[in-house]
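File shown: protein.txt (compact mmCIF, C-alpha atoms and all ligand atoms).
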```txt
# COMPACT_ATOMS: atom_id res chain seq x y z
CA MET U 1280 -2.24 4.97 5.25
CA ALA U 1281 0.18 2.34 4.03
CA GLU U 1282 1.25 2.64 0.42
CA LEU U 1283 3.86 0.92 -1.72
CA PRO U 1284 6.98 1.61 0.44
CA GLU U 1285 5.31 0.45 3.66
CA LEU U 1286 3.80 -2.60 1.97
CA ILE U 1287 7.09 -3.66 0.44
CA ILE U 1288 8.72 -3.42 3.88
CA LEU U 1289 5.93 -5.28 5.68
CA SER U 1290 5.49 -8.04 3.12
CA GLY U 1291 9.27 -8.47 2.94
CA GLN U 1292 9.46 -8.97 6.70
CA MET U 1293 6.53 -11.41 6.57
CA ASP U 1294 8.20 -13.34 3.77
CA LYS U 1295 11.43 -13.66 5.71
CA GLU U 1296 9.82 -14.55 9.03
CA LEU U 1297 6.96 -16.81 8.03
CA GLN U 1298 8.22 -19.12 5.29
CA SER U 1299 7.34 -22.77 5.94
CA LYS U 1300 5.32 -22.02 9.10
CA GLU U 1301 2.17 -24.11 9.48
CA PHE U 1302 -1.15 -22.60 10.53
CA ASP U 1303 -2.67 -23.97 13.69
CA LYS U 1304 -5.55 -22.22 15.47
CA SER U 1305 -6.93 -18.94 14.21
CA GLU U 1306 -9.31 -16.53 15.84
CA PHE U 1307 -11.54 -13.94 14.20
CA ARG U 1308 -13.48 -11.30 16.05
CA GLN U 1309 -15.02 -9.51 13.10
CA GLU U 1310 -16.65 -11.68 10.47
CA LYS U 1311 -17.34 -8.78 8.11
CA SER U 1312 -13.63 -8.37 7.39
CA LEU U 1313 -13.48 -11.97 6.09
CA ASN U 1314 -14.61 -13.54 2.82
CA LEU U 1315 -15.72 -16.76 4.52
CA PRO U 1316 -17.78 -17.58 7.63
CA VAL U 1317 -15.53 -17.66 10.69
CA GLU U 1318 -15.74 -21.42 11.26
CA GLU U 1319 -15.04 -22.24 7.64
CA PHE U 1320 -12.04 -19.89 7.57
CA ILE U 1321 -10.58 -21.44 10.74
CA GLN U 1322 -11.05 -24.97 9.46
CA LYS U 1323 -9.69 -24.31 5.95
CA ILE U 1324 -6.51 -22.47 6.92
CA LYS U 1325 -5.47 -24.97 9.60
CA GLY U 1326 -2.62 -27.21 8.47
CA LYS U 1327 -1.66 -25.04 5.49
CA LYS U 1328 1.95 -23.94 5.21
CA ILE U 1329 3.27 -20.58 4.13
CA ILE U 1330 5.32 -20.66 0.96
CA ASN U 1331 6.06 -16.94 0.61
CA ALA U 1332 4.66 -13.44 1.01
CA PHE U 1333 4.74 -10.44 -1.29
CA ASN U 1334 2.72 -7.36 -2.09
CA LYS U 1335 0.61 -6.63 -5.10
CA GLY U 1336 -0.33 -2.95 -5.08
CA LYS U 1337 -1.73 -2.28 -1.64
CA TRP U 1338 -2.56 -5.95 -0.93
CA ILE U 1339 -0.38 -8.53 0.80
CA PHE U 1340 -0.40 -11.94 -0.85
CA ILE U 1341 0.60 -14.93 1.25
CA LYS U 1342 1.01 -18.03 -0.86
CA LEU U 1343 0.02 -21.20 0.96
CA SER U 1344 0.34 -24.92 0.38
CA ASP U 1345 -2.55 -26.83 -1.23
CA ASP U 1346 -2.98 -24.08 -3.88
CA TYR U 1347 -4.39 -21.44 -1.55
CA HIS U 1348 -3.62 -17.76 -0.89
CA LEU U 1349 -4.27 -15.69 2.20
CA LEU U 1350 -4.79 -12.08 1.11
CA LEU U 1351 -4.60 -9.13 3.49
CA ASN U 1352 -5.67 -5.58 2.86
CA LEU U 1353 -4.78 -2.93 5.41
CA GLY U 1354 -7.71 -0.68 4.52
CA MET U 1355 -7.11 2.75 6.01
CA GLY U 1356 -4.30 1.33 8.10
CA ALA U 1357 -3.59 -1.70 10.24
CA ASP U 1358 -1.16 -3.15 12.72
CA ILE U 1359 0.00 -6.54 11.46
CA LEU U 1360 2.19 -7.77 14.27
CA TYR U 1361 4.40 -10.83 14.66
CA TYR U 1362 5.09 -12.57 17.94
CA GLY U 1363 7.69 -15.28 18.45
CA PRO U 1364 7.16 -18.66 20.14
CA GLY U 1365 6.27 -18.15 23.80
CA LYS U 1366 5.97 -14.37 23.45
CA ASP U 1367 2.91 -12.33 24.43
CA ILE U 1368 0.08 -12.19 21.92
CA PRO U 1369 -0.89 -8.59 21.05
CA SER U 1370 -4.07 -7.79 22.97
CA GLU U 1371 -6.07 -5.95 20.33
CA TYR U 1372 -6.91 -7.58 17.03
CA GLN U 1373 -9.68 -8.70 14.73
CA CYS U 1374 -7.68 -11.62 13.34
CA LEU U 1375 -5.16 -13.84 15.05
CA PHE U 1376 -3.16 -16.45 13.16
CA GLN U 1377 -1.24 -18.97 15.24
CA PHE U 1378 1.39 -21.39 13.96
CA THR U 1379 2.29 -24.86 15.15
CA ASP U 1380 5.67 -23.64 16.46
CA GLY U 1381 3.96 -21.31 18.96
CA SER U 1382 4.53 -18.13 16.99
CA GLY U 1383 1.88 -16.16 15.14
CA PHE U 1384 0.68 -12.78 13.98
CA SER U 1385 -2.29 -10.55 14.66
CA CYS U 1386 -4.12 -8.05 12.47
CA LYS U 1387 -5.68 -4.98 13.97
CA PHE U 1388 -7.44 -3.09 11.22
CA TRP U 1389 -8.10 0.57 11.94
CA TRP U 1390 -10.84 0.75 9.37
CA MET U 1391 -11.97 -1.45 6.47
CA GLY U 1392 -9.18 -4.05 6.49
CA ARG U 1393 -9.70 -7.47 4.93
CA ALA U 1394 -8.46 -11.02 5.38
CA GLU U 1395 -9.47 -13.38 2.61
CA LEU U 1396 -8.69 -17.02 2.01
CA LEU U 1397 -8.89 -18.06 -1.63
CA GLN U 1398 -8.09 -21.03 -3.76
CA ASP U 1399 -5.56 -20.13 -6.44
CA GLN U 1400 -8.15 -20.80 -9.13
CA GLU U 1401 -10.39 -18.11 -7.60
CA LEU U 1402 -7.71 -15.39 -7.89
CA SER U 1403 -8.41 -14.61 -11.52
CA GLN U 1404 -12.01 -13.76 -10.55
CA HIS U 1405 -11.20 -11.89 -7.35
CA LYS U 1406 -12.69 -8.44 -7.90
CA SER U 1407 -10.45 -6.47 -5.54
CA THR U 1408 -7.11 -7.78 -6.80
CA LYS U 1409 -7.47 -9.28 -10.27
CA ASP U 1410 -6.88 -6.00 -12.09
CA ILE U 1411 -4.16 -4.49 -9.90
CA ALA U 1412 -1.56 -3.01 -12.21
CA ILE U 1413 2.21 -3.13 -11.96
CA SER U 1414 3.89 -0.96 -9.33
CA PRO U 1415 6.28 1.93 -10.02
CA LEU U 1416 9.18 -0.03 -8.51
CA ASP U 1417 8.60 -2.99 -10.85
CA ASP U 1418 11.08 -3.29 -13.72
CA ASN U 1419 8.29 -3.14 -16.27
CA PHE U 1420 7.09 0.29 -15.11
CA THR U 1421 8.91 1.75 -18.07
CA GLN U 1422 8.87 5.20 -19.64
CA GLU U 1423 6.96 3.63 -22.51
CA TYR U 1424 4.34 2.17 -20.18
CA PHE U 1425 3.81 5.52 -18.47
CA ARG U 1426 3.68 7.47 -21.75
CA GLU U 1427 0.93 5.14 -22.89
CA LEU U 1428 -1.07 5.74 -19.67
CA CYS U 1429 -0.74 9.49 -20.05
CA LYS U 1430 -2.59 9.46 -23.34
CA ALA U 1431 -5.77 9.25 -21.27
CA ARG U 1432 -8.16 12.14 -20.89
CA SER U 1433 -8.28 11.87 -17.13
CA GLN U 1434 -6.93 14.09 -14.42
CA ILE U 1435 -3.33 13.16 -13.70
CA LYS U 1436 -3.88 12.56 -9.98
CA ASN U 1437 -6.83 10.23 -10.61
CA LEU U 1438 -4.79 8.39 -13.20
CA ILE U 1439 -1.85 7.77 -10.87
CA LEU U 1440 -4.14 6.71 -8.02
CA ASN U 1441 -6.07 4.30 -10.24
CA GLN U 1442 -4.91 0.87 -9.06
CA LYS U 1443 -5.78 -0.65 -12.43
CA LYS U 1444 -3.18 1.64 -14.05
CA ILE U 1445 -0.48 1.88 -11.37
CA GLY U 1446 -0.46 -0.24 -8.21
CA GLY U 1447 0.47 1.06 -4.79
CA ILE U 1448 0.07 4.85 -4.71
CA GLY U 1449 -2.71 6.38 -2.60
CA ASN U 1450 -3.40 9.81 -1.19
CA VAL U 1451 -0.07 10.17 0.65
CA TYR U 1452 2.92 10.12 -1.71
CA ILE U 1453 1.03 11.65 -4.62
CA HIS U 1454 1.21 15.20 -3.22
CA ASP U 1455 4.99 15.50 -3.24
CA ILE U 1456 5.26 13.60 -6.52
CA LEU U 1457 3.06 16.15 -8.32
CA PHE U 1458 4.69 19.06 -6.50
CA ARG U 1459 8.18 17.98 -7.55
CA ALA U 1460 6.94 17.58 -11.12
CA LYS U 1461 5.29 21.04 -10.88
CA ILE U 1462 1.98 19.63 -12.09
CA HIS U 1463 -1.46 20.52 -10.73
CA PRO U 1464 -3.37 17.37 -9.63
CA GLN U 1465 -6.33 18.26 -11.86
CA LYS U 1466 -4.26 18.74 -14.98
CA VAL U 1467 -5.57 16.42 -17.70
CA ALA U 1468 -2.96 13.76 -18.50
CA ASN U 1469 -3.06 14.06 -22.28
CA THR U 1470 -2.41 17.83 -22.09
CA LEU U 1471 1.04 17.27 -20.53
CA ASP U 1472 3.95 17.61 -22.92
CA SER U 1473 6.38 14.73 -23.38
CA ASN U 1474 9.03 16.30 -21.13
CA GLN U 1475 6.54 16.66 -18.32
CA VAL U 1476 5.42 13.05 -18.75
CA ASP U 1477 8.96 11.66 -18.75
CA ASN U 1478 9.97 13.85 -15.83
CA LEU U 1479 6.92 12.73 -13.86
CA HIS U 1480 7.78 9.09 -14.57
CA VAL U 1481 11.27 9.58 -13.11
CA ILE U 1482 9.92 11.45 -10.07
CA ILE U 1483 7.32 8.77 -9.26
CA ILE U 1484 10.05 6.12 -9.12
CA GLU U 1485 12.54 8.34 -7.26
CA ASN U 1486 10.01 9.45 -4.69
CA LEU U 1487 8.85 5.94 -3.78
CA LYS U 1488 12.36 4.49 -3.89
CA ASN U 1489 13.55 7.22 -1.56
CA ALA U 1490 10.63 6.60 0.84
CA LEU U 1491 11.43 2.88 0.79
CA ASP U 1492 15.15 3.52 1.45
CA GLU U 1493 14.21 5.77 4.38
CA GLY U 1494 12.12 2.99 5.92
CA GLY U 1495 8.61 4.22 5.04
CA LEU U 1496 6.29 6.30 7.19
CA ALA U 1497 7.11 5.91 10.88
CA PHE U 1498 3.40 6.29 11.57
CA GLU U 1499 2.88 2.74 10.26
CA LYS U 1500 4.16 -0.06 12.48
CA ASP U 1501 6.22 -2.77 10.83
CA PHE U 1502 5.81 -6.53 11.42
CA TYR U 1503 7.82 -6.25 14.64
CA GLY U 1504 5.85 -3.30 16.00
CA GLN U 1505 8.69 -0.88 15.22
CA GLN U 1506 7.96 2.60 14.01
CA ASN U 1507 11.14 3.20 12.08
CA GLY U 1508 11.22 5.44 9.06
CA PHE U 1509 10.39 9.09 8.69
CA GLU U 1510 7.99 11.57 10.23
CA GLN U 1511 5.89 14.25 8.63
CA ASP U 1512 8.88 16.55 8.05
CA PHE U 1513 9.91 14.18 5.23
CA PHE U 1514 7.19 15.69 3.06
CA LEU U 1515 7.66 18.81 0.95
CA VAL U 1516 4.03 19.90 0.62
CA ALA U 1517 1.93 16.95 1.83
CA TYR U 1518 0.26 17.78 5.18
CA ASN U 1519 2.06 21.15 5.18
CA GLU U 1520 -0.95 23.36 4.60
CA GLY U 1521 -0.25 26.97 5.57
CA LYS U 1522 3.52 26.53 5.52
CA PRO U 1523 5.80 28.15 2.92
CA CYS U 1524 6.55 26.28 -0.31
CA PRO U 1525 10.17 25.02 -0.20
CA GLU U 1526 10.66 26.27 -3.78
CA CYS U 1527 9.01 29.69 -3.90
CA SER U 1528 7.82 30.47 -0.35
CA ASN U 1529 4.19 30.86 -1.44
CA THR U 1530 1.72 29.38 1.03
CA ILE U 1531 0.93 25.68 0.57
CA GLU U 1532 -2.79 25.05 0.21
CA LYS U 1533 -5.06 22.10 0.84
CA ILE U 1534 -7.63 21.91 -1.93
CA LYS U 1535 -10.53 19.64 -2.85
CA THR U 1536 -9.84 17.50 -5.92
CA GLY U 1537 -12.93 15.41 -6.54
CA SER U 1538 -13.34 12.91 -3.72
CA THR U 1539 -9.85 13.54 -2.31
CA SER U 1540 -7.92 16.44 -0.85
CA SER U 1541 -4.66 17.62 -2.34
CA TYR U 1542 -1.76 19.64 -0.96
CA ILE U 1543 -0.28 21.96 -3.54
CA CYS U 1544 1.72 25.10 -4.03
CA PRO U 1545 -0.64 27.20 -6.17
CA ASN U 1546 2.32 29.09 -7.60
CA CYS U 1547 4.48 26.09 -8.59
CA GLN U 1548 1.54 23.93 -9.70
CA LYS U 1549 -0.68 26.02 -11.91
CA LEU U 1550 -3.73 24.47 -13.53
ZN ZN H 1601 5.91 27.02 -4.82
```
Rewrite the coordinates I just gave you, this time as structure tokens.
Amino acid sequence: MAELPELIILSGQMDKELQSKEFDKSEFRQEKSLNLPVEEFIQKIKGKKIINAFNKGKWIFIKLSDDYHLLLNLGMGADILYYGPGKDIPSEYQCLFQFTDGSGFSCKFWWMGRAELLQDQELSQHKSTKDIAISPLDDNFTQEYFRELCKARSQIKNLILNQKKIGGIGNVYIHDILFRAKIHPQKVANTLDSNQVDNLHVIIIENLKNALDEGGLAFEKDFYGQQNGFEQDFFLVAYNEGKPCPECSNTIEKIKTGSTSSYICPNCQKL
């Protein structure tokens, strides 16, 4: 599932490739992934130009002319693929956006993806995105900000995955982050001491920055259909159930933590 590193890469490529392109025909094969009826969506987006693209948490924001935004959410994963003028259109998709210059991009959502067209004035009321918090790679994700969050009486994993507190981390990068910090995912945030909190803050940033520098998860295709980046062996404990802990050689376990699963070393990450 795409998280902050993959979304920064994808939205960056979209920004570079799509600026000033004008929407022509669109095609939608799955109305339930849209916020408008198909015909209305097609009619409204036609003629709008792309100003820029960026990510906000796990959403892609595409700013359009006429005070509109196209928002994309990859759900459990998606192939968002560009094709140049005259090139073949990807065959499988739920959404196809074509531009007046003959180029375009398709969205194939694996599960639960969204494409929404909103007027700028509707953004402040948009339930799914209005409360998305800053991301760990934003300048204002400071030690002070994180210390404040950790005063909460919630389990540390739930806190970090809460998109209203920190945008962009899901159930992929969290495992190695907590392992490196030697913190059990169910540890209550306000029981961590100040060294643990500050250390965790540094590790969150380092971990995501490193993943971004390495090109993100190769499993996720980029805008050009490339699967660059790293494979599963990048991870220390995530998805390594049954293998030895790289620190202490104890066996890595997969445990239930509320509605999610977690990969931990039970020796390094005691509750
Ligand atoms: Zn260990």
*Which residue gives the smallest distance to Met1280 in chain U among U:Ile1411, U:Leu1351, U:Val1451, U:Cys1374, with all atoms listed in the file counted?*
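With all atoms listed in the file as the atom set, the closest residue is U:Val1451.
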*asked:* Here's a test: counting all atoms listed in the file, identify every protein, DNA and RNA residue with an atom at most 10 Å from (-8.7, -12.9, -0.7) in the file's coordinate frame, and state them as a PyMOL selection string.
replied: chain U and resi 1313-1315+1338-1341+1347-1352+1393-1399+1401-1402+1405-1408
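Each of U:Trp1390, U:Tyr1542, U:Phe1458, U:Phe1425 was checked against ligand ZN 1601 (chain H) using all atoms listed in the file; the smallest atom-to-atom distance is that of U:Phe1458.
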Would you give me, as JSON lines, each residue of chain U having an atom within 8 Å of an atom of ligand ZN 1601 (chain H), along with its shortest atom pair and that distance in Å to one decimal, using only C-alpha atoms and all ligand atoms and sorting by chain and residue number?
```
{"residue": "U:Pro1523", "atom": "CA", "partner": "H:ZN1601", "partner_atom": "ZN", "distance": 7.8}
{"residue": "U:Cys1524", "atom": "CA", "partner": "H:ZN1601", "partner_atom": "ZN", "distance": 4.6}
{"residue": "U:Pro1525", "atom": "CA", "partner": "H:ZN1601", "partner_atom": "ZN", "distance": 6.6}
{"residue": "U:Glu1526", "atom": "CA", "partner": "H:ZN1601", "partner_atom": "ZN", "distance": 4.9}
{"residue": "U:Cys1527", "atom": "CA", "partner": "H:ZN1601", "partner_atom": "ZN", "distance": 4.2}
{"residue": "U:Ser1528", "atom": "CA", "partner": "H:ZN1601", "partner_atom": "ZN", "distance": 6.0}
{"residue": "U:Asn1529", "atom": "CA", "partner": "H:ZN1601", "partner_atom": "ZN", "distance": 5.4}
{"residue": "U:Thr1530", "atom": "CA", "partner": "H:ZN1601", "partner_atom": "ZN", "distance": 7.6}
{"residue": "U:Ile1531", "atom": "CA", "partner": "H:ZN1601", "partner_atom": "ZN", "distance": 7.5}
{"residue": "U:Cys1544", "atom": "CA", "partner": "H:ZN1601", "partner_atom": "ZN", "distance": 4.7}
{"residue": "U:Pro1545", "atom": "CA", "partner": "H:ZN1601", "partner_atom": "ZN", "distance": 6.7}
{"residue": "U:Asn1546", "atom": "CA", "partner": "H:ZN1601", "partner_atom": "ZN", "distance": 5.0}
{"residue": "U:Cys1547", "atom": "CA", "partner": "H:ZN1601", "partner_atom": "ZN", "distance": 4.1}
{"residue": "U:Gln1548", "atom": "CA", "partner": "H:ZN1601", "partner_atom": "ZN", "distance": 7.2}
```
*8 Å contact set for Asn1519 in chain U, all atoms listed in the file, chain neighbours under 2 positions out, as an MDAnalysis selection string*: chainID U and resid 1514:1517 1521:1522 1531:1532 1542
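In terms of minimum interatomic distance to His1463 in chain U, U:Thr1536 ranks closest within U:Asn1331, U:Asn1478, U:Ser1290, U:Thr1536, counting all atoms listed in the file.
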What are the closest atom pairs, with distances in Å to one decimal, for each residue of range 1399-1435 of chain U lying within 12 Å of range 1485-1503 of chain U, using all atoms listed in the file, rows by chain and rising residue number, as CSV?
```
residue,atom,partner,partner_atom,distance
U:Ser1414,CA,U:Leu1487,CA,10.1
U:Pro1415,CA,U:Leu1487,CA,7.9
U:Leu1416,CA,U:Lys1488,CA,7.2
U:Asp1417,CA,U:Lys1488,CA,10.9
```
With C-alpha atoms retained, export the selected residues as a tab-separated table (two decimals), in the coordinates of the input.
```tsv
chain	number	residue	atom	x	y	z
U	1414	SER	CA	3.89	-0.96	-9.33
U	1415	PRO	CA	6.28	1.93	-10.02
U	1416	LEU	CA	9.18	-0.03	-8.51
U	1417	ASP	CA	8.60	-2.99	-10.85
```
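In terms of minimum interatomic distance to Gly1392 in chain U, U:Lys1311 ranks closest within U:Lys1300, U:Lys1335, U:His1454, U:Lys1311, counting all atoms listed in the file.
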